[in-house]
Every structure is written in structure tokens, then in C-alpha cells.
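A.B. asks: Input: one structure, supplied below.
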Amino acid sequence: MGMFVQQMLPKTRERLAVIDAGAQIRQAAELMSKPHVALLVVRGPDGSMVGVLTKTDLVAQMGRCGGGACTGRVDTIMTRDVVSCRANDLLRDVWSVIKDRGLLRIPVVDEAGKPVGIVYARDALPNLLTEAEDEEKMLCDYVWNVGYQ
């Protein structure tokens, strides 16, 4: 069957950091200065995801506007074209997207498009390897115990 993103939700929730689209860029910088915050999910007025902000986006903008003087809005520098996944997606399908697009992380959204977590590639891969090992073990058990009758 395979593992679903749902099974990783506790871990993905730990990784989630959100900011409102109308927040100032310097507020985003403060959030990103915290340990383990490498991606901010940007929320619109209804709470749904409207974009993401990476440290690369932020550093580039901070260099242009002079650090603490960055009073522009987050939605002026965020990435709007964002790939996301849902809790009921198969982890191996999410991994395919991560691999094909060269992503390090992908937001998890609910049915209303509201952010609920972030899947990190480094967390997904060990789960997939464990899943593959389990499938191989089940196949070996089947062949050894049932065989070809």
C-alpha cells in the first residue's frame, strides 16, 4: 500500500512556520533567525497558503533594502507558484515531486488550502527506505513460507 503523508504529520507540524502576506519583511527575518526555520509559508487573509518565503529570497531582499530598514510586505518578495501536498497523498508520490523539482521541502495543506506542516526531503527519504525494506521483507517471507505451490 505505502506510507501516507498523514503518518508524518506530527513531524511536519514541528517544521511549520507561517507568516501573514501583509507582514513586514523584517518580521520574516526575525522568524527565520530561529533555529530550524528554513521556509516560511505565507498566509492570505483567509488563512490559506498564498506563497512561500525562503532564506535565499529574504537574504537577497535584505541586501537591497538595508537590513532592519526592510519595511516592505512579505507578499512582494514571496514565491507564489508553490507546489504543495495533502495528508492523504502517498509519500512516494510526494518524494517524486520533491526529486523531480529539486526541492528540499514541500508544504502540506488541508482541504481548504491552509498550511498544516512541511515535509522535508531529509525526513521523507528514511521513511521511504523503511517502507521499501518492509515490502522486501514481506515478499521474502511470502516466498519462503508460501513458495510456489
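Identifiers in this document derive from the order of the C-alpha cells: chains are assigned A, B, ..., residues are numbered from 1 separately in each chain, and ligands are numbered from 1 in order of occurrence.
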Excluding Cys70 in chain A and residues on its chain fewer than 5 positions from it, collect all residues at most 10 Å away from it, counting only C-alpha atoms, and give them as a list in words.

C.D. replies: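 Listing them by chain and then by number gives Gln24, Ile25, Arg26, Gln27, Ala29, Gln61, Met62, Gly63, Arg64 and Cys65 of chain A.
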
A.B. asks: Show which residues sit within 10 Å of range 85-102 of chain A, as a ChimeraX atom specification. Count only C-alpha atoms, and ignore same-chain residues fewer than 6 positions away.

C.D. replies: /A:1-9,108-111,113,115-121,124-125,127-128,131

A.B. asks: Could you tell me how far CA of Val18 in chain A sits from CA of Val52 in chain A, in Å to one decimal place?

C.D. replies: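 Between CA of Val52 in chain A and CA of Val18 in chain A the gap works out to 8.8 Å.
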
A.B. asks: List every residue of range 7-37 of chain A that DSSP, applied to the backbone of this structure, places in alpha helix (DSSP H), and write the result as a PyMOL selection string.

C.D. replies: chain A and resi 9-15+25-32

A.B. asks: Name the residues in contact with Glu30 in chain A at a cut-off of 12 Å, using only C-alpha atoms, excluding same-chain residues fewer than 4 positions from it; report them as a list of chain:residue names.

C.D. replies: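 Selected residues are A:Ala17, A:Ile19, A:Ala23, A:Gln24, A:Ile25, A:Arg26, A:Lys34, A:Pro35, A:Val37, A:Ala38, A:Leu40, A:Lys55, A:Leu58, A:Met62, A:Gly67, A:Gly68, A:Cys70.
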
A.B. asks: What does the structure give for the distance between CA of Gly72 in chain A and CA of Leu104 in chain A, in Å to one decimal?

C.D. replies: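 Computed distance, CA of Gly72 in chain A to CA of Leu104 in chain A, equals 26.6 Å.
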
A.B. asks: Hey, which of A:Ala112, A:Lys11, A:Thr76, A:Pro107 ends up closest to Val41 in chain A? Count only C-alpha atoms.

C.D. replies: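 Once distances to Val41 in chain A are computed over only C-alpha atoms, the minimum belongs to A:Pro107.
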
A.B. asks: Find the residues near His36 in chain A: any atom within 10 Å, counting only C-alpha atoms, skip ones fewer than 3 places away on the same chain, and give them as a PyMOL selection string.

C.D. replies: chain A and resi 14-17+32-33+39

A.B. asks: Mind giving me the straight-line distance from CA of Lys114 in chain A to CA of Ser84 in chain A in Å, one decimal?

C.D. replies: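 Taking CA of Lys114 in chain A as the start and CA of Ser84 in chain A as the end point, the length is 10.6 Å.
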